Each structure stands twice: as C-alpha cells, then as structure tokens.
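**Student:** Right, I'll just put the structure down here and ask away after.
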Amino acid sequence: MEDRQLLMRSLITELNQAADAYYNGRGELMTDYEWDAKFDQLKALEQETGTVLPDSPTHKVSEDNIAGQKEEHEFPTLSLAKTKKPEELAKWAEGRPVWLSWKLDGLTLVATYDGGRLTKVVTRGNGHTGTNITHLARAIGGIPQSIPSQGHIVIRGEAVISYDDFERFNMESEEEYANPRNLASGSLTLKDPEEVKARRIRWIPFTLVYADDDIDSWGARMDFLEQNGFHTVEHELIGRPTLEHIEEVIARWTEKVTHRVCPYPVDGLVITYDDTAYARTGSVTGHHATRAGYAFKWQDESAETQLEHIEWSCAANTINPVAVFRPVELEGTTVRRASLCNISECERLGIGGKGSVLSVIKANKIIPKVIRVSQPVGPFLIPGHCPVCRQPTEVAVSEASGTKTLRCTNPDCPARQLKKFVRFVSKEGMDIDGISEQTLAKFINLGWVSEPTDLYHLRDHAAELSRMEGFGERSVHNLLRSVESSRKAEARKLLYALTIPMCGQDVCKRLLAAYPLTELIGEAERAQDPAFFATIDGIGPEKSASFVRWCQDGRNTAMLRRLLGELELRQEQASPTGARCAGLTFVVTGDVYQYKNREELKAYIESQGGKVTGSVSKATDYLINNDANSTSGKNQKARQLGTPIISEAEFIEKFGEGKEK
C-alpha cells in the first residue's frame with residue numbers, strides 16, 4: 001500500500017508541474033499522450049486503493065495562474081469527464097438528443113455582458129476564481145464590445161490561435177512555443193494589448209451559461225449567440241444518439257481533424273444535452289458536473305521506429321531539430337519525420353543519434369510527434385555551424401520559459417531573412433502565389449534561395465521540386481507560372497517587397513509619386529543629406545534617412561540591380577479620379593464594415609484627392625472610427641485637438657459615391 005501511495009505522490013507531482021507549465025505558457029514538460037497515460041494510471045490507483053491524495057489532478061481543475069486582479073466566477077467553470085470509448089458517450093446520452101462540437105485546445109475565458117455592453121472577461125483560473133483580463137478584450141478577436149441583447153448574459157468560450165498563425169509567430173519571433181495552446185496562454189500574460197493583438201488570438205464561444213431569457217435548448221442558445229454577432233464553435237445535432245450513430249458522426253469529425261478542416265487546434269470532441277434544464281439536474285463529483293457535458297478524446301495510434309538522423313532546419317530566428325526515421329504507418333498515412341521543437345525537448349526525451357528507438361504518434365490525428373525514446377544510441381549532437389551559411393551557432397535560453405533553442409550568429413544568414421522573403425512574395429509585394437512561408441524556409445535550407453533574384457531561377461530546380469513532399473507536377477507548374485507572371489512588376493509593389501525599414505506601402509507610394517524608381521534609387525545613392533526626401537509630403541527626416549541608408553549600402557543596391565535584370569518594370573502615375581475628399585486629411589482606425597478593409601477605404605479617399613495618414617495631428621481633418629466612444633490613443637488625441645470623429649456611415653454620407661462636396 002505504501003509503495004502505491006509513493007507512486008501516486010510521484011504521479012501527482014509530475015502531472016501538476018506539467019499542467020502548470022502547459023496552462024501558463026511555459027515550456028512543455030510532457031506530451032498530451034504522456035499526460036493522459038499518467039492521469040489514467042493515477043485514476044486507476046485511486047480507484048484500486050480507495051484513496052485520493054491532496055492536490056490530485058483527478059479532483060481539481062487545472063489552473064491558469066495569470067497574474068492580475070482575481071474575480072470570483074458567477075457560475076463555477078468546471079471541467080468535463082473524459083473518455084476514449086464511444087460506447088460510454090452513448091450510455092451517457094441516455095437516448096436523449098445531444099449536440100457534438102469541437103473540444104478546442106485553448107484557454108477558457110468567460111465574458112459577461114450587461115445592457116448590451118461587455119462588462120468583464122475572466123480566465124477560468126481554478127474554476128471558481130479567475131483573473132480579470134477585460135483590458136485585453138479589444139486585442140482578442142471574437143469578443144465584441146457591444147451586442148444587441150440588453151440583458152445579463154454570461155458566455156464561456158475558448159481563446160485559441162490557429163495553426164497558421166502559430167507557425168507564423170514561431171517563424172517571426174525570438175520566442176519559441178511548443179504548440180498553439182501554449183502560445184495562447186502565454187500571450188494573455190502580456191500587459192500591452194497591441195502585443196497581444198499581434199498574436200491573433202480568437203475567442204470562440206462554446207456555451208451560453210446564462211441569459212435573462214430562459215432558453216431550455218442548447219441549440220437555441222447557440223442560435224441566440226449567433227444572432228448577437230458571435231461566431232460559435234462548430235456543432236452538430238445527434239437526434240438519435242445510438243452507439244452506431246455516435247460512431248458514424250465521430251468518424252466524420254475525425255476526418256475533418258485529419259484534413260485540418262478546422263483551422264484551430266482541437267484535442268477531442270464534446271457532447272452536450274440539448275435539454276439544458278435536464279443538464280442542470282446532474283450532481284457535481286470531484287471537479288465535474290455529471291450532466292454538463294462529456295468529452296471524447298482520440299486513442300492515439302503509436303508506432304515504434306528507428307532514428308535515421310536529426311535534420312537541423314533553419315527558420316527565421318532558430319535552427320530547429322527534426323527527427324528523420326524509418327517510415328511508419330500512422331492514421332492511414334506514411335510518416336517519416338517529426339519536429340523535435342527545440343534543444344530542451346530533445347534533452348527531455350533523452351534522444352541520441354542514429355539507431356535510437358523512438359515511439360511516434362500523430363497528435364490529435366494531425367501532427368507527427370516523438371513521444372518516447374526507449375533506447376537512445378550514441379550522443380545527441382548539437383551542430384556548431386549553421387547548415388545554411390556555415391557560420392557559428394549559439395544556444396539561446398528564453399528568459400520567459402527557460403527553453404533552449406539553437407540560433408545562427410550570422411545576422412546576414414539567408415535563413416534569418418525569412419520574413420523579408422515572405423514579404424517579397426506576398427500579395428502586397430510581388431504577388432507570387434503558391435510559395436508559403438514553410439516552402440520558402442525549405443528553399444533557403446536547400447540553398448536554392450539566398451536573395452530575391454534566386455526566386456526567378458527556381459525553374460533550374462523543377463525536377464527536384466516535383467519530387468518534394470507536398471509537390472507534384474501540377475503544383476510545380478502553377479508555382480513556376482506564378483513566378484514568371486510576377487516578372488511584369490509594378491514599381492510600387494517591388495519597392496514595398498524589398499522590406500526597406502520604415503518603408504510601408506504608403507511611404508513607397510509617396511516616394512514613387514515624386515520620382516521614377518531608378519531615379520529615386522540614384523538620388524538616394526548620391527544624397528549627401530539623409531533628410532534629402534524629407535520635403536516629400538508624408539515622408540519626414542526619419543523615413544528619409546532610413547531609405548537613404550538602405551540605398552547607400554552597396555550590397556542592397558547590387559542585389560536590386562541583379563533583381564531588376566529579371567523584371568519588366570512599369571510605373572503608373574496614379575491621379576485622383578474625383579474631388580470629394582480634395583484637400584482633406586483623414587486617419588482611419590478600428591474595424592470597417594461597408595468597405596472590404598481599411599485599405600479599400602484608404603484607396604477611395606486617395607482616389608478622391610484626399611490624404612490618409614497613420615496618426616492624428618493638427619493637420620488631421622477627420623478621424624474615421626466606428627467606435628466613437630473608444631478610449632484608444634487616436635480617439636483621445638482627436639478629442640484633445642478638437643478633430644471630428646466620424647463613423648464609416650457618416651463618412652459615406654459626407655464623401656461617398658453620389659455625394660458631391
């Protein structure tokens with residue numbers, strides 16, 4: 001008995017430490033697969049011994065410890081009982097209609113509205129008390145500041161980051177996170193809303209907890225949320241929850257996961273009674289409300305294999321280890337590679353060299369992951385030189401999480417210029433379709449691309465490209481065709497694509513309105529005064545100096561001349577087509593609803609002879625903001641200067657089509 005209690009204490013310590021790191025944005029201490037296995041082992045021991053030790057994770061909610069003002073939940077935010085067996089779901093459903101939805105893998109936030117206005121947003125915390133993060137609400141997508149319904153409304157939802165945004169962040173950031181969920185929770189510890197906004201977190205409501213109107217159907221409650229402008233979690237009604245029907249629906253949703261139909265990470269499915277009155281009649285055992293819902297988690301299929309080698313792959317700021325192993329069949333696909341994330345993860349797993357015996361899964365049916373090294377062979381070797389530029393590497397340790405990553409010390413390494421290549425091929429840049437950030441990283445690692453000019457010689461690698469994973473003859477043909485069509489380039493798009501510091505689209509447009517491109521570059525190369533272009537409207541001495549510095553670096557202009565040899569350049573001198581905004585200066589901020597985006601509104605203003613700037617000053621005639629009551633810096637500055645704040649609708653009424661000045 002004493003031995004089993006010692007094992008239980010050891011499991012509790014391991015699980016609680018791993019959960020604390022996972023829920024609070026620190027380095028991953030164990031995989032979900034390992035956590036589930038240890039959790040199930042602990043639960044079995046508790047049932048066998050009839051003993052539950054203090055602080056057991058089987059009887060408490062995993063807690064986020066986000067610093068800040070604590071707030072007691074009006075309604076306890078408990079977790080769901082979990083199973084990997086569809087027959088247990090069918091038994092729980094009792095033949096009553098149930099709804100199935102994603103179990104999103106993020107951070108639970110509770111939003112409260114009163115009188116149509118958002119009054120608070122609180123993290124789940126320990127289920128009874130959370131952290132008030134209302135000050136970050138505007139930085140999180142999907143949390144409207146106001147809604148049509150005027151009553152008291154409480155909503156639970158999951159703050160998540162999509163796989164695409166997670167990969168973008170890890171490519172661009174100095175920090176390195178293990179998974180989207182880890183990034184989401186880490187982001188909510190930040191104090192600056194603008195920094196949080198850059199992480200692209202989205203809040204997706206998964207249940208209406210309370211509304212003044214008594215709605216006794218979960219489906220109707222979700223409809224109520226949709227009618228109030230929320231984008232709720234995807235859900236499907238199972239009207240006859242027999243085992244056969246439940247298995248059929250789970251199989252269909254599992255296919256969606258496998259093919260990433262849902263852009264956000266999920267770690268299972270949830271079933272919920274449609275009859276919410278019946279759901280409230282359940283009891284609370286441990287930290288579960290027995291009828292509040294039931295979570296289904298997939299049985300991860302694992303396979304044992306042998307490591308062939310560790311490939312070190314360069315990203316924007318890090319050199320990441322990738323395990324390349326003997327092919328195994330998992331979830332109906334052949335898997336040969338799995339990211340090892342960083343040095344810390346390699347050390348945690350205890351991986352060695354060639355011949356090491358590994359266990360591999362596809363986590364949540366999607367991401368190949370090494371979960372265990374049962375037999376390391378030889379030492380784990382960290383390369384001393386960058387695989388792309390051959391310059392020395394260094395091991396960096398994150399202050400926030402303690403995670404160890406490998407980095408190249410060469411600031412000019414092509415791999416460290418990844419963000420610049422991404423901007424070069426973007427729609428706003430040279431508009432080369434079919435080249436993603438991940439594809440660019442591959443090209444750089446293979447040595448095919450070290451400067452933009454190399455993109456116009458990808459045809460030399462067509463045969464190798466067609467044999468690469470994820471490519472075929474058709475996709476290679478489309479990519480090369482897109483490269484060729486981008487040779488006919490607009491000067492404005494090319495200048496923006498060069499990623500010259502402080503030269504965004506507006507600055508590029510203003511510079512090219514004053515000079516043709518080749519003359520512009522020549523003037524900058526010869527300029528004695530860094531503020532040479534400061535007299536151009538909207539440029540100023542700082543932007544001028546940045547542009548001149550770039551052009552006077554011989555490496556940059558030599559690269560540009562090589563690039564111009566590949567292109568057929570055209571420069572259109574845009575002129576206003578109307579005069580409805582002539583002589584007026586606008587600043588546009590916040591969301592727009594009647595124009596596709598702010599760029600379209602800006603283009604219209606300029607087509608009507610107006611000017612759009614990025615900040616409010618004495619020269620600003622109007623600030624366009626659909627939230628006139630916002631306390632943003634731009635609104636405060638406009639009020640201080642007496643600048644009119646108008647909505648998009650008011651702008652259209654004053655200056656829109658058919659409205660003469």
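Labels for the structure tokens follow display order: chains A, B, ..., residues from 1 in each chain, ligands from 1.
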For A:Ile536, work out the shell of residues within 10 Å, counting only C-alpha atoms and skipping chain neighbours fewer than 2 positions away, then give it as an MDAnalysis selection string.
**Tutor:** chainID A and resid 507 510:511 513:514 532:534 538:541 544
**Student:** Extract the full set of strand (DSSP E) residues from stretch 49-258 of chain A according to DSSP on the backbone, and format it as a VMD selection string.
**Tutor:** chain A and resid 70 to 72 81 to 83 98 to 104 107 to 114 117 to 123 129 to 131 152 to 160 202 to 211 235 to 238
**Student:** Next, dump the selected residues to file, keeping only C-alpha atoms, as a PDB file, in the first residue's frame.
**Tutor:**
```pdb
ATOM      1  CA  LYS A  70      -8.782  37.990  -9.187  1.00  0.00           C
ATOM      2  CA  GLU A  71     -12.516  37.638  -9.825  1.00  0.00           C
ATOM      3  CA  GLU A  72     -14.933  35.060  -8.475  1.00  0.00           C
ATOM      4  CA  ALA A  81     -15.321  13.993 -17.631  1.00  0.00           C
ATOM      5  CA  LYS A  82     -13.373  12.379 -20.484  1.00  0.00           C
ATOM      6  CA  THR A  83     -13.463   9.060 -22.293  1.00  0.00           C
ATOM      7  CA  VAL A  98     -27.232  15.662 -27.888  1.00  0.00           C
ATOM      8  CA  TRP A  99     -25.013  18.156 -29.673  1.00  0.00           C
ATOM      9  CA  LEU A 100     -21.486  17.325 -30.730  1.00  0.00           C
ATOM     10  CA  SER A 101     -18.840  20.087 -31.034  1.00  0.00           C
ATOM     11  CA  TRP A 102     -15.077  20.559 -31.072  1.00  0.00           C
ATOM     12  CA  LYS A 103     -13.119  20.425 -27.826  1.00  0.00           C
ATOM     13  CA  LEU A 104     -10.938  23.387 -28.747  1.00  0.00           C
ATOM     14  CA  LEU A 107      -7.678  28.865 -22.789  1.00  0.00           C
ATOM     15  CA  THR A 108     -11.225  29.172 -21.423  1.00  0.00           C
ATOM     16  CA  LEU A 109     -12.440  32.754 -20.952  1.00  0.00           C
ATOM     17  CA  VAL A 110     -15.806  33.835 -19.516  1.00  0.00           C
ATOM     18  CA  ALA A 111     -17.334  37.005 -20.995  1.00  0.00           C
ATOM     19  CA  THR A 112     -20.166  38.908 -19.285  1.00  0.00           C
ATOM     20  CA  TYR A 113     -22.479  41.463 -20.909  1.00  0.00           C
ATOM     21  CA  ASP A 114     -24.919  43.846 -19.231  1.00  0.00           C
ATOM     22  CA  ARG A 117     -22.090  46.226 -23.252  1.00  0.00           C
ATOM     23  CA  LEU A 118     -19.150  43.995 -22.377  1.00  0.00           C
ATOM     24  CA  THR A 119     -18.557  44.345 -18.628  1.00  0.00           C
ATOM     25  CA  LYS A 120     -15.825  41.798 -17.931  1.00  0.00           C
ATOM     26  CA  VAL A 121     -13.690  38.965 -19.292  1.00  0.00           C
ATOM     27  CA  VAL A 122     -12.254  36.490 -16.780  1.00  0.00           C
ATOM     28  CA  THR A 123      -9.955  33.481 -17.231  1.00  0.00           C
ATOM     29  CA  THR A 129     -11.856  32.227  -9.228  1.00  0.00           C
ATOM     30  CA  GLY A 130     -10.096  33.551 -12.329  1.00  0.00           C
ATOM     31  CA  THR A 131      -8.097  36.592 -13.461  1.00  0.00           C
ATOM     32  CA  HIS A 152     -27.416  39.994 -18.265  1.00  0.00           C
ATOM     33  CA  ILE A 153     -25.523  37.439 -20.374  1.00  0.00           C
ATOM     34  CA  VAL A 154     -22.652  35.105 -19.407  1.00  0.00           C
ATOM     35  CA  ILE A 155     -20.773  33.185 -22.124  1.00  0.00           C
ATOM     36  CA  ARG A 156     -17.943  30.663 -21.996  1.00  0.00           C
ATOM     37  CA  GLY A 157     -15.560  30.361 -24.913  1.00  0.00           C
ATOM     38  CA  GLU A 158     -12.082  29.231 -25.828  1.00  0.00           C
ATOM     39  CA  ALA A 159      -9.237  31.611 -26.707  1.00  0.00           C
ATOM     40  CA  VAL A 160      -7.310  29.865 -29.486  1.00  0.00           C
ATOM     41  CA  ARG A 202      -9.570  34.384 -31.398  1.00  0.00           C
ATOM     42  CA  TRP A 203     -12.250  33.704 -28.808  1.00  0.00           C
ATOM     43  CA  ILE A 204     -14.820  31.104 -29.873  1.00  0.00           C
ATOM     44  CA  PRO A 205     -17.926  30.744 -27.642  1.00  0.00           C
ATOM     45  CA  PHE A 206     -18.832  27.139 -26.837  1.00  0.00           C
ATOM     46  CA  THR A 207     -21.789  27.657 -24.486  1.00  0.00           C
ATOM     47  CA  LEU A 208     -24.227  30.264 -23.232  1.00  0.00           C
ATOM     48  CA  VAL A 209     -24.034  29.966 -19.440  1.00  0.00           C
ATOM     49  CA  TYR A 210     -26.793  32.422 -18.558  1.00  0.00           C
ATOM     50  CA  ALA A 211     -29.294  34.776 -20.194  1.00  0.00           C
ATOM     51  CA  HIS A 235     -21.693  21.940 -33.705  1.00  0.00           C
ATOM     52  CA  GLU A 236     -23.967  19.171 -34.997  1.00  0.00           C
ATOM     53  CA  LEU A 237     -27.182  17.703 -33.576  1.00  0.00           C
ATOM     54  CA  ILE A 238     -27.301  13.937 -32.949  1.00  0.00           C
TER      55      ILE A 238
END
```
**Student:** Between atom CA of A:Tyr163 and atom CA of A:Phe296, what distance in Å does the model show, to one decimal?
**Tutor:**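 That distance, rounded to one decimal, is 21.5 Å.
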**Student:** Find the residues around A:Val357 up to 12 Å (only C-alpha atoms counted), leave out those fewer than 4 positions away in its own chain, and share them as a CSV table (one decimal) with N, CA and C atoms, in the first residue's frame.
**Tutor:**
```csv
chain,number,residue,atom,x,y,z
A,303,ALA,N,3.5,4.1,-33.0
A,303,ALA,CA,4.4,3.1,-33.7
A,303,ALA,C,5.8,3.3,-33.3
A,304,GLU,N,6.5,2.2,-33.2
A,304,GLU,CA,8.0,2.2,-32.9
A,304,GLU,C,8.8,2.2,-34.1
A,305,THR,N,9.9,3.0,-34.1
A,305,THR,CA,10.7,3.1,-35.3
A,305,THR,C,12.1,3.4,-34.9
A,306,GLN,N,13.1,3.5,-35.8
A,306,GLN,CA,14.4,3.9,-35.5
A,306,GLN,C,14.8,5.2,-36.2
A,307,LEU,N,15.6,6.0,-35.4
A,307,LEU,CA,16.0,7.3,-35.9
A,307,LEU,C,17.1,7.1,-37.0
A,308,GLU,N,16.9,7.7,-38.1
A,308,GLU,CA,18.0,7.7,-39.2
A,308,GLU,C,19.0,8.8,-39.0
A,309,HIS,N,18.4,10.0,-38.7
A,309,HIS,CA,19.3,11.2,-38.4
A,309,HIS,C,18.4,12.3,-37.9
A,323,ALA,N,13.4,15.0,-36.4
A,323,ALA,CA,13.7,13.6,-36.4
A,323,ALA,C,13.3,13.0,-37.7
A,324,VAL,N,14.3,12.4,-38.4
A,324,VAL,CA,14.0,11.7,-39.7
A,324,VAL,C,14.2,10.2,-39.3
A,325,PHE,N,13.2,9.4,-39.5
A,325,PHE,CA,13.2,8.0,-39.0
A,325,PHE,C,12.7,7.0,-40.1
A,326,ARG,N,12.8,5.8,-39.8
A,326,ARG,CA,12.3,4.8,-40.8
A,326,ARG,C,10.8,4.9,-40.9
A,349,LEU,N,13.4,14.3,-23.9
A,349,LEU,CA,13.2,13.0,-24.4
A,349,LEU,C,14.4,12.0,-24.2
A,350,GLY,N,15.6,12.6,-24.1
A,350,GLY,CA,16.8,11.8,-24.0
A,350,GLY,C,17.2,11.1,-25.3
A,351,ILE,N,17.0,11.9,-26.4
A,351,ILE,CA,17.2,11.3,-27.7
A,351,ILE,C,18.7,11.2,-28.0
A,352,GLY,N,19.2,10.2,-28.8
A,352,GLY,CA,20.6,10.1,-29.1
A,352,GLY,C,20.8,10.3,-30.6
A,353,GLY,N,21.6,9.5,-31.2
A,353,GLY,CA,21.9,9.6,-32.6
A,353,GLY,C,21.2,8.5,-33.4
A,370,VAL,N,7.3,12.8,-31.6
A,370,VAL,CA,8.0,11.7,-30.9
A,370,VAL,C,7.6,11.8,-29.4
A,371,ILE,N,7.0,10.7,-28.9
A,371,ILE,CA,6.6,10.8,-27.5
A,371,ILE,C,7.5,10.1,-26.6
A,372,ARG,N,8.4,9.2,-27.1
A,372,ARG,CA,9.3,8.5,-26.2
A,372,ARG,C,10.5,8.0,-26.9
A,373,VAL,N,11.6,8.0,-26.2
A,373,VAL,CA,12.8,7.4,-26.7
A,373,VAL,C,13.1,6.2,-25.8
A,374,SER,N,12.9,5.0,-26.2
A,374,SER,CA,13.0,3.8,-25.4
A,374,SER,C,14.5,3.3,-25.4
A,375,GLN,N,15.2,3.7,-26.4
A,375,GLN,CA,16.6,3.2,-26.5
A,375,GLN,C,17.5,4.2,-27.2
A,376,PRO,N,18.1,5.1,-26.5
A,376,PRO,CA,19.0,6.1,-27.2
A,376,PRO,C,20.3,5.4,-27.6
A,377,VAL,N,20.8,5.8,-28.8
A,377,VAL,CA,22.0,5.2,-29.3
A,377,VAL,C,23.0,6.4,-29.6
A,378,GLY,N,24.1,6.4,-28.9
A,378,GLY,CA,25.1,7.4,-29.1
A,378,GLY,C,24.7,8.8,-28.5
```
**Student:** Determine, using only C-alpha atoms, which residues of stretch 342-377 of chain A have any atom at most 12 Å from an atom of stretch 174-195 of chain A, and tabulate each with its shortest atom pair and distance in Å to one decimal place, rows ordered by chain and then rising number, as a Markdown table.
**Tutor:**
```
| residue | atom | partner | partner_atom | distance |
| --- | --- | --- | --- | --- |
| A:Asn342 | CA | A:Glu176 | CA | 8.2 |
| A:Ile343 | CA | A:Glu176 | CA | 11.0 |
| A:Ser344 | CA | A:Ala178 | CA | 10.5 |
| A:Glu345 | CA | A:Ala178 | CA | 9.0 |
| A:Ala363 | CA | A:Asn179 | CA | 11.2 |
| A:Ile367 | CA | A:Asn179 | CA | 10.4 |
| A:Lys369 | CA | A:Ala178 | CA | 11.4 |
```
**Student:** Residues as selected, C-alpha atoms, written as a compact mmCIF listing (two decimals), in the first residue's frame, can you do that?
**Tutor:**
```
# COMPACT_ATOMS: atom_id res chain seq x y z
CA ASN A 342 13.99 22.66 -29.72
CA ILE A 343 17.03 21.53 -27.73
CA SER A 344 15.06 21.41 -24.46
CA GLU A 345 12.61 18.89 -25.95
CA ALA A 363 -1.05 14.03 -32.02
CA ILE A 367 0.93 16.43 -36.04
CA LYS A 369 5.31 13.75 -32.64
```
**Student:** For each of A:Gly642, A:Gly610, A:Arg200, A:Arg96, take the minimum atom-to-atom distance to A:Arg138, counting only C-alpha atoms, then give the residue where this is smallest.
**Tutor:**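 Closest candidate: A:Arg200.
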**Student:** Using only C-alpha atoms, what does the table of stretch 334-411 of chain A residues within 10 Å of stretch 444-468 of chain A look like, with each row giving the shortest atom pair and its distance in Å to one decimal, sorted by chain and ascending number, as CSV?
**Tutor:**
```
residue,atom,partner,partner_atom,distance
A:Cys386,CA,A:Asn445,CA,10.0
A:Pro387,CA,A:Asn445,CA,7.3
A:Val388,CA,A:Asn445,CA,5.7
A:Cys389,CA,A:Gly447,CA,8.9
```
**Student:** Between atom CA of A:Tyr294 and atom CA of A:Tyr273, what is the distance in Å, rounded to a tenth?
**Tutor:**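 Atom CA of A:Tyr273 lies at a distance of 9.4 Å from atom CA of A:Tyr294.
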**Student:** Could you tell me, as a count of residues only, which residues of stretch 358-607 of chain A DSSP assigns to helix (DSSP H, G or I) when given the backbone?
**Tutor:** 110
